[in-house]
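Colleague: Just coords-v4.cif, nothing more (mmCIF, C-alpha atoms):
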data_query
#
loop_
_atom_site.label_atom_id
_atom_site.label_comp_id
_atom_site.auth_asym_id
_atom_site.auth_seq_id
_atom_site.Cartn_x
_atom_site.Cartn_y
_atom_site.Cartn_z
CA MET G 1 -7.23 -22.37 22.86
CA ALA G 2 -6.52 -25.88 24.10
CA ASN G 3 -4.65 -26.93 20.94
CA CYS G 4 -2.45 -23.87 20.34
CA ILE G 5 0.93 -24.04 18.61
CA LEU G 6 1.98 -20.53 19.68
CA ARG G 7 1.09 -18.69 22.87
CA VAL G 8 2.24 -15.11 23.53
CA SER G 9 1.60 -13.89 27.08
CA GLN G 10 1.95 -10.28 28.27
CA LEU G 11 4.97 -9.78 26.02
CA GLY G 12 7.03 -6.62 26.27
CA LYS G 13 10.24 -5.34 24.70
CA LYS G 14 11.95 -2.08 25.67
CA TYR G 15 14.89 -0.25 24.17
CA HIS G 16 17.08 2.52 25.58
CA ILE G 17 17.21 5.56 23.32
CA GLY G 18 20.66 6.04 21.86
CA SER G 19 22.10 2.83 23.30
CA ILE G 20 23.25 -0.16 21.27
CA LYS G 21 22.68 -3.38 23.14
CA ARG G 22 23.57 -6.77 21.75
CA ASP G 23 20.90 -9.43 22.14
CA TYR G 24 23.37 -12.30 22.26
CA GLU G 25 26.53 -13.05 24.23
CA SER G 26 29.00 -15.84 24.69
CA PHE G 27 28.67 -17.87 27.89
CA SER G 28 31.73 -16.19 29.45
CA GLU G 29 30.41 -12.72 28.52
CA LEU G 30 27.05 -13.59 30.08
CA ILE G 31 28.66 -14.65 33.41
CA ILE G 32 30.84 -11.54 33.54
CA SER G 33 27.91 -9.23 32.74
CA LYS G 34 25.77 -10.79 35.48
CA LEU G 35 28.55 -10.41 38.06
CA ALA G 36 29.03 -6.80 37.01
CA VAL G 37 25.37 -5.80 37.41
CA PRO G 38 25.48 -4.95 41.18
CA LEU G 39 28.65 -2.90 40.73
CA GLN G 40 27.23 -1.04 37.74
CA TYR G 41 24.04 -0.28 39.64
CA MET G 42 25.91 1.08 42.67
CA ARG G 43 28.06 3.22 40.37
CA SER G 44 24.96 4.57 38.62
CA LEU G 45 23.41 5.49 41.99
CA ARG G 46 26.58 7.30 43.04
CA MET G 47 26.78 9.20 39.74
CA GLY G 48 23.06 9.89 39.51
CA LYS G 49 22.60 7.74 36.46
CA VAL G 50 19.70 5.57 37.51
CA GLU G 51 17.60 4.57 34.48
CA ARG G 52 15.29 7.37 33.40
CA THR G 53 11.87 6.49 32.03
CA ASP G 54 12.13 9.18 29.32
CA ASP G 55 15.16 7.33 27.88
CA ILE G 56 13.08 4.19 27.28
CA ILE G 57 10.93 3.17 24.34
CA TRP G 58 8.61 0.18 24.66
CA ALA G 59 8.49 -1.33 21.18
CA LEU G 60 5.96 -3.87 22.49
CA ARG G 61 3.91 -3.85 25.66
CA ASP G 62 1.45 -6.35 27.15
CA VAL G 63 0.94 -8.27 23.90
CA SER G 64 -1.03 -11.51 24.26
CA PHE G 65 -2.57 -13.89 21.71
CA GLU G 66 -2.73 -17.57 20.77
CA VAL G 67 -2.49 -19.33 17.41
CA GLU G 68 -3.77 -22.80 16.48
CA PRO G 69 -2.11 -25.22 14.03
CA GLY G 70 -3.10 -24.37 10.46
CA ASP G 71 -4.05 -20.77 11.28
CA VAL G 72 -2.88 -17.97 9.00
CA LEU G 73 -2.53 -14.94 11.26
CA GLY G 74 -2.12 -11.48 9.74
CA ILE G 75 -0.16 -8.94 11.78
CA ILE G 76 -0.86 -5.39 10.62
CA GLY G 77 -0.19 -1.85 11.76
CA ARG G 78 1.59 1.33 10.77
CA ASN G 79 5.37 1.67 10.55
CA GLY G 80 6.82 1.59 14.05
CA ALA G 81 3.81 -0.23 15.51
CA GLY G 82 5.98 -3.15 16.66
CA LYS G 83 5.26 -5.76 13.97
CA SER G 84 8.87 -6.61 13.08
CA THR G 85 9.90 -6.59 16.74
CA LEU G 86 7.17 -9.14 17.50
CA LEU G 87 8.36 -11.44 14.70
CA LYS G 88 11.99 -11.19 15.86
CA LEU G 89 10.93 -12.22 19.37
CA ILE G 90 8.93 -15.17 18.05
CA SER G 91 11.88 -16.16 15.84
CA ARG G 92 14.27 -16.00 18.85
CA ILE G 93 16.41 -13.37 17.13
CA THR G 94 16.05 -11.08 20.14
CA LYS G 95 14.89 -11.63 23.73
CA PRO G 96 11.78 -10.18 25.39
CA THR G 97 12.12 -7.76 28.29
CA VAL G 98 9.04 -9.19 29.99
CA GLY G 99 6.42 -11.81 29.22
CA GLN G 100 6.59 -15.26 27.71
CA ILE G 101 6.44 -16.97 24.31
CA ASP G 102 5.52 -20.67 24.20
CA ILE G 103 6.21 -22.34 20.85
CA PHE G 104 5.20 -25.95 20.29
CA GLY G 105 7.15 -26.69 17.12
CA ARG G 106 9.90 -25.46 14.79
CA VAL G 107 9.89 -21.90 13.42
CA GLY G 108 11.05 -20.96 9.91
CA SER G 109 11.46 -17.20 9.43
CA LEU G 110 11.80 -14.82 6.52
CA LEU G 111 12.31 -11.37 7.97
CA GLU G 112 14.41 -8.54 6.50
CA VAL G 113 16.86 -9.34 3.71
CA GLY G 114 20.06 -10.58 5.34
CA THR G 115 18.51 -12.50 8.21
CA GLY G 116 19.20 -16.22 8.36
CA PHE G 117 21.75 -16.57 5.55
CA HIS G 118 25.54 -16.44 5.83
CA PRO G 119 26.76 -14.04 3.11
CA GLU G 120 30.01 -15.93 2.47
CA LEU G 121 28.26 -19.26 1.87
CA THR G 122 26.70 -20.27 -1.44
CA GLY G 123 22.99 -20.67 -2.00
CA ARG G 124 23.39 -24.44 -1.81
CA GLU G 125 25.29 -24.25 1.49
CA ASN G 126 22.75 -21.86 3.00
CA ILE G 127 19.90 -24.25 2.21
CA TYR G 128 21.63 -26.94 4.27
CA LEU G 129 22.62 -24.45 6.98
CA ASN G 130 19.02 -23.29 7.44
CA GLY G 131 17.73 -26.85 7.52
CA THR G 132 20.30 -27.78 10.17
CA ILE G 133 19.31 -24.76 12.29
CA LEU G 134 15.71 -25.99 12.10
CA GLY G 135 16.89 -29.33 13.46
CA MET G 136 16.40 -31.29 10.24
CA LYS G 137 18.49 -34.27 9.17
CA ARG G 138 20.48 -34.06 5.95
CA ALA G 139 18.23 -36.69 4.38
CA GLU G 140 15.18 -34.50 5.07
CA ILE G 141 16.85 -31.50 3.40
CA ASP G 142 17.91 -33.67 0.44
CA ARG G 143 14.29 -34.65 -0.17
CA LYS G 144 13.23 -30.99 -0.38
CA PHE G 145 16.33 -29.65 -2.15
CA GLU G 146 15.18 -29.84 -5.79
CA GLU G 147 11.78 -28.39 -4.90
CA ILE G 148 13.43 -25.43 -3.16
CA VAL G 149 15.74 -24.72 -6.09
CA GLU G 150 12.94 -24.94 -8.66
CA PHE G 151 10.70 -22.59 -6.66
CA SER G 152 13.47 -20.02 -6.08
CA GLU G 153 14.44 -19.78 -9.78
CA VAL G 154 18.13 -19.23 -8.87
CA GLU G 155 19.53 -22.55 -10.09
CA ARG G 156 22.25 -20.88 -12.20
CA PHE G 157 23.62 -19.10 -9.13
CA LEU G 158 23.25 -21.91 -6.62
CA ASP G 159 27.01 -22.25 -6.11
CA THR G 160 27.61 -18.48 -5.89
CA PRO G 161 28.03 -16.81 -2.46
CA VAL G 162 24.73 -15.15 -1.58
CA LYS G 163 26.50 -11.84 -0.87
CA ARG G 164 26.63 -11.47 -4.68
CA TYR G 165 22.89 -12.03 -5.09
CA SER G 166 20.54 -9.18 -5.94
CA SER G 167 17.88 -8.43 -3.32
CA GLY G 168 15.28 -10.16 -5.52
CA MET G 169 17.38 -13.34 -5.87
CA TYR G 170 18.08 -13.34 -2.15
CA VAL G 171 14.39 -13.08 -1.26
CA ARG G 172 13.39 -15.79 -3.74
CA LEU G 173 15.84 -18.28 -2.26
CA ALA G 174 15.14 -17.24 1.35
CA PHE G 175 11.40 -17.65 0.91
CA ALA G 176 11.80 -20.99 -0.87
CA VAL G 177 13.93 -22.30 2.00
CA ALA G 178 11.58 -21.01 4.72
CA ALA G 179 8.44 -22.31 2.99
CA HIS G 180 9.70 -25.76 1.94
CA LEU G 181 11.77 -26.90 4.90
CA GLN G 182 9.54 -28.56 7.46
CA SER G 183 9.00 -25.87 10.07
CA ASP G 184 5.72 -25.97 11.98
CA ILE G 185 5.37 -22.17 11.93
CA LEU G 186 6.28 -20.01 8.92
CA VAL G 187 6.99 -16.37 9.80
CA VAL G 188 7.01 -13.92 6.86
CA ASP G 189 7.63 -10.17 7.07
CA GLU G 190 6.95 -7.42 4.52
CA VAL G 191 10.19 -8.42 2.80
CA LEU G 192 8.08 -10.05 0.04
CA ALA G 193 7.58 -6.54 -1.33
CA VAL G 194 11.15 -6.78 -2.68
CA GLY G 195 10.17 -9.46 -5.21
CA ASP G 196 8.42 -8.84 -8.53
CA ALA G 197 4.64 -9.11 -8.87
CA SER G 198 4.63 -12.64 -10.32
CA PHE G 199 6.86 -13.96 -7.53
CA GLN G 200 4.73 -12.25 -4.85
CA LYS G 201 1.69 -14.04 -6.27
CA LYS G 202 3.65 -17.31 -6.24
CA CYS G 203 4.62 -16.75 -2.60
CA LEU G 204 1.06 -15.98 -1.53
CA GLY G 205 -0.08 -19.19 -3.20
CA LYS G 206 2.64 -21.16 -1.43
CA MET G 207 1.67 -19.72 1.96
CA GLY G 208 -1.89 -20.85 1.30
CA ASP G 209 -0.59 -24.34 0.49
CA VAL G 210 1.49 -24.34 3.69
CA ALA G 211 -1.59 -23.51 5.77
CA SER G 212 -3.81 -26.06 4.02
CA GLY G 213 -1.20 -28.67 4.91
CA GLY G 214 -1.75 -27.98 8.61
CA ARG G 215 1.21 -25.70 9.20
CA THR G 216 0.86 -22.22 10.73
CA VAL G 217 1.70 -18.91 9.02
CA LEU G 218 2.34 -15.51 10.63
CA PHE G 219 2.21 -12.87 7.90
CA VAL G 220 3.11 -9.18 8.20
CA SER G 221 2.08 -6.94 5.30
CA HIS G 222 0.78 -3.47 4.50
CA ASN G 223 -1.15 -4.93 1.57
CA MET G 224 -4.66 -5.37 2.95
CA THR G 225 -5.78 -7.22 -0.19
CA ALA G 226 -3.14 -9.89 0.47
CA ILE G 227 -4.00 -10.01 4.19
CA SER G 228 -7.73 -10.34 3.48
CA GLY G 229 -7.22 -13.03 0.85
CA LEU G 230 -4.81 -15.16 2.87
CA CYS G 231 -5.49 -14.72 6.59
CA SER G 232 -8.34 -16.16 8.62
CA ARG G 233 -7.52 -14.03 11.68
CA ALA G 234 -5.51 -10.87 12.29
CA ILE G 235 -4.16 -8.63 15.03
CA LEU G 236 -3.69 -4.87 14.79
CA LEU G 237 -0.69 -3.33 16.56
CA ASP G 238 -0.46 0.35 17.43
CA ASN G 239 2.35 1.86 19.52
CA GLY G 240 3.46 -1.62 20.53
CA GLN G 241 0.07 -2.78 21.81
CA VAL G 242 -2.68 -4.98 20.38
CA THR G 243 -5.68 -2.72 19.75
CA THR G 244 -7.85 -5.19 17.81
CA GLN G 245 -7.75 -8.93 17.19
CA GLY G 246 -10.24 -11.31 15.62
CA PRO G 247 -11.66 -12.03 12.15
CA THR G 248 -9.54 -10.47 9.41
CA GLU G 249 -12.36 -8.33 8.01
CA THR G 250 -12.94 -6.67 11.39
CA VAL G 251 -9.24 -6.00 12.02
CA VAL G 252 -8.59 -4.67 8.50
CA SER G 253 -11.55 -2.30 8.89
CA SER G 254 -10.04 -0.96 12.14
CA TYR G 255 -6.67 -0.48 10.41
CA LEU G 256 -8.19 1.44 7.49
CA LYS G 257 -10.02 3.76 9.90
CA GLN G 258 -6.71 4.32 11.71
CA VAL G 259 -4.96 5.19 8.44
CA GLN G 260 -7.77 7.57 7.48
CA SER G 261 -7.46 9.37 10.83
CA LEU G 262 -3.81 10.16 10.04
CA GLN G 263 -4.98 12.59 7.35
CA GLU G 264 -6.28 14.86 10.12
CA TYR G 265 -2.67 15.63 11.13
CA SER G 266 -0.39 18.06 9.33
CA LEU G 267 2.43 16.22 7.56
CA ALA G 268 4.95 18.45 9.36
CA ASP G 269 3.57 17.25 12.73
CA ARG G 270 3.58 13.53 11.96
CA MET G 271 5.88 11.66 14.36
CA ASP G 272 5.51 8.17 12.84
CA ARG G 273 8.33 8.68 10.35
CA LYS G 274 11.70 7.07 9.71
CA GLY G 275 15.05 8.47 8.60
CA THR G 276 18.09 10.41 9.71
CA GLY G 277 16.24 13.75 9.77
CA ARG G 278 18.80 15.32 7.42
CA LEU G 279 15.77 16.46 5.45
CA HIS G 280 12.19 16.82 6.71
CA ILE G 281 9.21 16.78 4.33
CA ALA G 282 6.96 19.51 5.69
CA ASP G 283 4.10 19.70 3.19
CA ILE G 284 2.72 18.18 -0.03
CA VAL G 285 0.17 20.15 -2.05
CA LEU G 286 -1.82 18.88 -5.04
CA GLU G 287 -1.89 21.38 -7.93
CA ASP G 288 -4.14 21.55 -11.00
CA ASP G 289 -2.96 22.11 -14.58
CA ARG G 290 -2.64 25.88 -13.93
CA GLY G 291 -0.51 25.42 -10.83
CA TYR G 292 -3.27 26.30 -8.34
CA PRO G 293 -3.75 24.22 -5.16
CA THR G 294 -6.74 21.87 -5.38
CA LYS G 295 -8.44 19.26 -3.20
CA HIS G 296 -9.12 16.85 -6.05
CA ALA G 297 -8.24 16.23 -9.69
CA LYS G 298 -10.25 15.12 -12.72
CA MET G 299 -9.43 12.01 -14.72
CA GLY G 300 -7.20 13.04 -17.61
CA ASP G 301 -6.08 16.33 -16.05
CA ASP G 302 -2.45 17.35 -15.85
CA ILE G 303 -1.67 17.41 -12.12
CA ALA G 304 1.38 18.02 -9.95
CA PHE G 305 2.55 17.57 -6.37
CA ARG G 306 4.47 20.48 -4.83
CA ILE G 307 6.70 19.17 -2.02
CA THR G 308 8.11 21.50 0.62
CA TYR G 309 11.21 20.22 2.42
CA VAL G 310 13.38 21.57 5.25
CA GLY G 311 16.99 20.55 5.87
CA ASP G 312 18.45 20.17 9.36
CA SER G 313 21.23 22.72 8.73
CA ASP G 314 22.33 25.52 6.38
CA ARG G 315 24.43 23.09 4.32
CA PRO G 316 23.22 22.30 0.77
CA LEU G 317 21.74 18.84 0.25
CA THR G 318 23.68 16.53 -2.05
CA ASN G 319 22.55 13.49 -4.06
CA VAL G 320 18.88 13.75 -3.13
CA GLN G 321 16.22 11.26 -4.23
CA PHE G 322 12.46 11.61 -3.81
CA SER G 323 9.80 9.02 -4.45
CA MET G 324 6.04 8.77 -3.96
CA HIS G 325 4.45 5.32 -3.85
CA PHE G 326 0.71 5.11 -4.52
CA PHE G 327 -1.75 2.48 -3.23
CA THR G 328 -5.42 1.62 -3.32
CA PRO G 329 -7.35 2.17 -0.07
CA MET G 330 -6.63 -1.52 0.71
CA ASN G 331 -2.88 -0.80 0.40
CA GLN G 332 -2.48 -2.67 -2.88
CA PRO G 333 0.52 -1.11 -4.67
CA LEU G 334 -0.26 0.87 -7.83
CA PHE G 335 2.78 2.79 -9.07
CA ASN G 336 5.88 4.62 -7.92
CA LEU G 337 7.05 8.14 -8.89
CA TRP G 338 10.85 8.37 -8.50
CA ASN G 339 13.02 11.20 -9.79
CA GLU G 340 16.04 8.97 -10.55
CA MET G 341 13.99 6.53 -12.61
CA VAL G 342 13.00 9.26 -15.10
CA GLY G 343 16.46 10.85 -15.19
CA ASP G 344 15.67 13.97 -13.13
CA HIS G 345 18.74 14.11 -10.87
CA PHE G 346 18.98 16.31 -7.77
CA SER G 347 22.74 16.31 -7.19
CA LEU G 348 22.55 19.60 -5.25
CA LEU G 349 19.57 21.26 -3.58
CA PRO G 350 19.23 24.31 -1.31
CA PRO G 351 18.93 23.36 2.40
CA THR G 352 15.25 24.40 2.34
CA GLY G 353 12.98 24.67 -0.66
CA GLN G 354 10.34 23.10 -2.88
CA ILE G 355 10.27 20.58 -5.72
CA ARG G 356 7.44 19.59 -8.03
CA CYS G 357 6.44 16.23 -9.52
CA ARG G 358 4.16 16.44 -12.59
CA ILE G 359 1.79 13.74 -13.90
CA PRO G 360 0.43 14.41 -17.40
CA ARG G 361 -3.12 13.24 -18.12
CA CYS G 362 -3.73 11.42 -14.82
CA PRO G 363 -5.05 7.95 -15.78
CA LEU G 364 -6.60 6.97 -12.44
CA MET G 365 -10.29 6.17 -12.19
CA PRO G 366 -12.50 8.13 -9.75
CA GLY G 367 -11.74 7.29 -6.11
CA GLN G 368 -9.36 8.02 -3.29
CA TYR G 369 -5.76 6.79 -3.36
CA VAL G 370 -3.12 6.80 -0.62
CA PHE G 371 0.57 7.61 -1.03
CA ASN G 372 3.82 7.29 0.92
CA ILE G 373 6.62 9.83 0.62
CA TYR G 374 10.28 8.81 0.76
CA CYS G 375 13.52 10.76 0.53
CA GLU G 376 17.21 9.86 0.53
CA VAL G 377 20.13 12.24 1.03
CA GLY G 378 23.59 10.93 0.19
CA MET G 379 22.33 7.32 -0.10
CA GLN G 380 20.77 7.38 3.40
CA VAL G 381 17.06 7.45 4.20
CA ALA G 382 16.41 11.01 5.38
CA ASP G 383 12.62 10.97 5.73
CA TRP G 384 9.99 8.32 5.09
CA VAL G 385 6.30 8.75 5.93
CA THR G 386 3.73 6.08 5.13
CA ASN G 387 0.14 7.12 4.42
CA ALA G 388 1.45 10.66 4.01
CA GLY G 389 -1.62 11.85 2.11
CA THR G 390 -4.43 11.04 -0.28
CA LEU G 391 -5.13 11.77 -3.93
CA ASP G 392 -8.83 12.26 -4.73
CA ILE G 393 -9.83 11.71 -8.36
CA VAL G 394 -13.24 12.74 -9.69
CA GLU G 395 -15.07 12.06 -12.97
CA GLY G 396 -13.58 13.62 -16.09
CA ASP G 397 -13.77 13.51 -19.89
CA PHE G 398 -10.48 11.62 -20.29
CA PHE G 399 -10.90 10.86 -24.02
CA GLY G 400 -12.34 14.25 -25.00
CA THR G 401 -15.40 12.57 -26.54
CA GLY G 402 -17.99 13.93 -24.12
CA ARG G 403 -18.57 10.42 -22.74
CA MET G 404 -17.76 9.37 -19.22
CA VAL G 405 -16.52 5.89 -18.40
CA GLU G 406 -19.43 3.48 -17.89
CA PRO G 407 -19.83 2.32 -14.24
CA ASP G 408 -19.57 -1.37 -15.21
CA HIS G 409 -16.28 -0.70 -17.07
CA ARG G 410 -14.45 0.72 -14.09
CA ASP G 411 -11.09 -0.74 -13.14
CA LEU G 412 -8.15 1.18 -11.65
CA PHE G 413 -6.79 2.95 -14.72
CA VAL G 414 -8.00 4.37 -17.99
CA LEU G 415 -5.54 4.49 -20.91
CA HIS G 416 -5.48 6.48 -24.11
CA HIS G 417 -5.98 4.19 -27.09
CA ARG G 418 -7.21 4.11 -30.70
CA TRP G 419 -9.09 1.57 -32.85
CA GLU G 420 -8.76 1.17 -36.61
CA ILE G 421 -9.91 -1.01 -39.49
CA VAL G 422 -7.14 -3.08 -40.99
CA GLY G 423 -7.29 -3.95 -44.68
#
As structure tokens - that is how I would like this structure written.

Modeller:
Amino acid sequence: MANCILRVSQLGKKYHIGSIKRDYESFSELIISKLAVPLQYMRSLRMGKVERTDDIIWALRDVSFEVEPGDVLGIIGRNGAGKSTLLKLISRITKPTVGQIDIFGRVGSLLEVGTGFHPELTGRENIYLNGTILGMKRAEIDRKFEEIVEFSEVERFLDTPVKRYSSGMYVRLAFAVAAHLQSDILVVDEVLAVGDASFQKKCLGKMGDVASGGRTVLFVSHNMTAISGLCSRAILLDNGQVTTQGPTETVVSSYLKQVQSLQEYSLADRMDRKGTGRLHIADIVLEDDRGYPTKHAKMGDDIAFRITYVGDSDRPLTNVQFSMHFFTPMNQPLFNLWNEMVGDHFSLLPPTGQIRCRIPRCPLMPGQYVFNIYCEVGMQVADWVTNAGTLDIVEGDFFGTGRMVEPDHRDLFVLHHRWEIVG
């Protein structure tokens, strides 16, 4: 592309397992570290501690692509594929190990909650701080200030330190700042999932407006409906490498095939999981209304999920939370099953065992749905597997009338309801 605004060339980022390495240093620290490198290397040779390849993880490797002004590029892939690492490199939050990033303009980023804002400063002060970081004059920020505040819907708390904001308030203000201040490239991570549905829709609309105004958007999401509706092009990352890039429809299709292939693996054997490992989810079985394992369920049936878990020791598990998040095949969120939300508390569980989650009169229409499984132990993520399994729903007599739902009346859910004559 002759007129590109972003060029990524053979980019790579590696991490050492178990090591914590800062990505920024003061000038004096940088000089000292460079002078110390030869000595450290000689010491490592003498002690037999030369870098081992099995201690290295390449979060990204040989990633190359170009983006033109006004493009909306979707970046998709499973958890751990390297999406967030790529955005951090583009946003200059961390440095690449190899390769080059050429940016011809200013970058405004909205990554994970907490990035880019100073917690001790107020919302008002952080708006001006972010604008200054982008290289904007105070007069430029002043012109956009009221628009930012109105969009964020946090006017009442504008002079409150952002450390006191809820995650939803934080995201609303952070997105408003990133989208309205005049960056040439807007970088948005999955963090939009924190907001409510109406604000997510508002954000997607704003990103479309940003692109139509000639600015560039890089958008990471697991929601393929949002990606398909917003992005003209996309890239698919897997194990830190670009496996597909091109028109969004083609790339999304490749991603969905990849997700479907995950179902061929036993949940216990899945390695693409996050968490401390204090608890490991080994199996999830769908049960019918009699408690027997089944491959599919009928609309309107009572169903249950039996979850087998294994702790990492013989100690009982305390303060345990389980949740299952369901999606359409295009990764559009549907609903969340969470034990704490319904008042079923697991303050103490055996180190290994089973739990069951029941759904009375399943209201889903016929089709296949995907779910994630998530578990916390003692307020820490213990195990989290995306696309952990599927729920297959077949035709059923939901209303007990002997009539099936008409094909042209099919949405996502069917709900029990009654009609009556008034008067």

Colleague: Rounded to one decimal in Å, what is the spacing between CA of Gly291 (chain G) and CA of Leu262 (chain G)?

Modeller: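 If I compute the distance from CA of Gly291 (chain G) to CA of Leu262 (chain G), I get 26.1 Å.
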
Colleague: Which value, in Å to one decimal, gives the distance between CA of Ile185 (chain G) and CA of Glu120 (chain G)?

Modeller: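 Distance between the two atoms: 27.1 Å.
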
Colleague: Between G:Asp71, G:Glu190, G:Asp289, G:Asp159, which is the closest to Met224 (chain G) once you count all atoms listed in the file?

Modeller: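 The answer is G:Glu190, which sits nearest to Met224 (chain G).
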
Colleague: Which of these, G:Gly378, G:Pro69, G:Pro333, G:Gly353, has the shortest distance to Gly105 (chain G) once you count all atoms listed in the file?

Modeller: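 Residue with the minimum atom-to-atom distance to Gly105 (chain G): G:Pro69.
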
Colleague: Which residue gives the smallest distance to Leu87 (chain G) among G:Ile103, G:Leu111, G:Leu158, G:Ala382, with only C-alpha atoms counted?

Modeller: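 Result for the nearest residue to Leu87 (chain G): G:Leu111.
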
Colleague: Pick from G:Tyr369, G:Phe346, G:Trp338, G:Phe326: nearest to His296 (chain G), with all atoms listed in the file counted?

Modeller: G:Tyr369

Colleague: Could you give me, as a list in words, the residues within 10 Å of Arg7 (chain G), counting only C-alpha atoms and dropping anything in the same chain fewer than 3 positions from it?

Modeller: Met1, Cys4, Ser64, Phe65, Glu66, Val67, Glu68, Ile90, Gln100, Ile101, Asp102, Ile103 and Phe104 of chain G

Colleague: Store the residues picked out above in a file with C-alpha atoms, as a CSV table (one decimal), in the coordinates of the input.

Modeller:
chain,number,residue,atom,x,y,z
G,1,MET,CA,-7.2,-22.4,22.9
G,4,CYS,CA,-2.4,-23.9,20.3
G,64,SER,CA,-1.0,-11.5,24.3
G,65,PHE,CA,-2.6,-13.9,21.7
G,66,GLU,CA,-2.7,-17.6,20.8
G,67,VAL,CA,-2.5,-19.3,17.4
G,68,GLU,CA,-3.8,-22.8,16.5
G,90,ILE,CA,8.9,-15.2,18.0
G,100,GLN,CA,6.6,-15.3,27.7
G,101,ILE,CA,6.4,-17.0,24.3
G,102,ASP,CA,5.5,-20.7,24.2
G,103,ILE,CA,6.2,-22.3,20.8
G,104,PHE,CA,5.2,-26.0,20.3

Colleague: Enclose the full set of atoms of region 281-299 of chain G listed in the file within a box whose edges lie along x, y and z, apply 5 Å of padding to each of the six sides, and report centre and edge lengths in Å to one decimal as lines of an AutoDock Vina configuration file.

Modeller:
center_x = -0.5
center_y = 19.2
center_z = -4.5
size_x = 29.5
size_y = 24.3
size_z = 30.4

Colleague: Which one of G:Phe371, G:Phe151, G:Trp384, G:Tyr255 sits closest to Ala282 (chain G) if you count all atoms listed in the file?

Modeller: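 The answer is G:Trp384, which sits nearest to Ala282 (chain G).
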
Colleague: Compile the contact shell of Tyr309 (chain G) as an MDAnalysis selection string: residues with an atom at most 12 Å away, counting all atoms listed in the file, same-chain residues fewer than 3 positions apart removed.

Modeller: chainID G and resid 267:268 277:285 306 312 317 320 322 349:356 373:375 382:383

Colleague: Between CA of Gly311 (chain G) and CA of Asp55 (chain G), measure the distance and give it in Å to one decimal.

Modeller: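 Taking CA of Gly311 (chain G) as the start and CA of Asp55 (chain G) as the end point, the length is 25.7 Å.
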
Colleague: Could you tell me, as a PyMOL selection string, exactly which residues end up selected when the PyMOL selection byres ((chain G and resi 169) around 12) is applied to this structure?

Modeller: chain G and resi 113-114+123+149+151-158+160-168+170-176+192+194-196+199

Colleague: Go ahead and write the selection's residues with C-alpha atoms as a PDB file, keeping the file's coordinate frame.

Modeller:
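Output (again-v2.pdb):
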ATOM      1  CA  VAL G 113      16.860  -9.340   3.710  1.00  0.00           C
ATOM      2  CA  GLY G 114      20.060 -10.580   5.340  1.00  0.00           C
ATOM      3  CA  GLY G 123      22.990 -20.670  -2.000  1.00  0.00           C
ATOM      4  CA  VAL G 149      15.740 -24.720  -6.090  1.00  0.00           C
ATOM      5  CA  PHE G 151      10.700 -22.590  -6.660  1.00  0.00           C
ATOM      6  CA  SER G 152      13.470 -20.020  -6.080  1.00  0.00           C
ATOM      7  CA  GLU G 153      14.440 -19.780  -9.780  1.00  0.00           C
ATOM      8  CA  VAL G 154      18.130 -19.230  -8.870  1.00  0.00           C
ATOM      9  CA  GLU G 155      19.530 -22.550 -10.090  1.00  0.00           C
ATOM     10  CA  ARG G 156      22.250 -20.880 -12.200  1.00  0.00           C
ATOM     11  CA  PHE G 157      23.620 -19.100  -9.130  1.00  0.00           C
ATOM     12  CA  LEU G 158      23.250 -21.910  -6.620  1.00  0.00           C
ATOM     13  CA  THR G 160      27.610 -18.480  -5.890  1.00  0.00           C
ATOM     14  CA  PRO G 161      28.030 -16.810  -2.460  1.00  0.00           C
ATOM     15  CA  VAL G 162      24.730 -15.150  -1.580  1.00  0.00           C
ATOM     16  CA  LYS G 163      26.500 -11.840  -0.870  1.00  0.00           C
ATOM     17  CA  ARG G 164      26.630 -11.470  -4.680  1.00  0.00           C
ATOM     18  CA  TYR G 165      22.890 -12.030  -5.090  1.00  0.00           C
ATOM     19  CA  SER G 166      20.540  -9.180  -5.940  1.00  0.00           C
ATOM     20  CA  SER G 167      17.880  -8.430  -3.320  1.00  0.00           C
ATOM     21  CA  GLY G 168      15.280 -10.160  -5.520  1.00  0.00           C
ATOM     22  CA  TYR G 170      18.080 -13.340  -2.150  1.00  0.00           C
ATOM     23  CA  VAL G 171      14.390 -13.080  -1.260  1.00  0.00           C
ATOM     24  CA  ARG G 172      13.390 -15.790  -3.740  1.00  0.00           C
ATOM     25  CA  LEU G 173      15.840 -18.280  -2.260  1.00  0.00           C
ATOM     26  CA  ALA G 174      15.140 -17.240   1.350  1.00  0.00           C
ATOM     27  CA  PHE G 175      11.400 -17.650   0.910  1.00  0.00           C
ATOM     28  CA  ALA G 176      11.800 -20.990  -0.870  1.00  0.00           C
ATOM     29  CA  LEU G 192       8.080 -10.050   0.040  1.00  0.00           C
ATOM     30  CA  VAL G 194      11.150  -6.780  -2.680  1.00  0.00           C
ATOM     31  CA  GLY G 195      10.170  -9.460  -5.210  1.00  0.00           C
ATOM     32  CA  ASP G 196       8.420  -8.840  -8.530  1.00  0.00           C
ATOM     33  CA  PHE G 199       6.860 -13.960  -7.530  1.00  0.00           C
TER      34      PHE G 199
END

Colleague: Under the PyMOL selection byres ((chain G and resi 60) around 6), which residues of this model are included? Write them out as a VMD selection string.

Modeller: chain G and resid 12 to 13 58 to 59 61 82 240

Colleague: Which residue out of G:Gly389, G:Val187, G:Leu412, G:Gln182 has the minimum interatomic distance to Ser266 (chain G) when all atoms listed in the file are used?

Modeller: G:Gly389

Colleague: Would you pick out the contacts of Arg92 (chain G) at 10 Å or less, using all atoms listed in the file, so that residues sharing its chain but fewer than 2 positions from it are not included, and give the list as a ChimeraX atom specification?

Modeller: /G:23,86-90,94-96,101,107,109
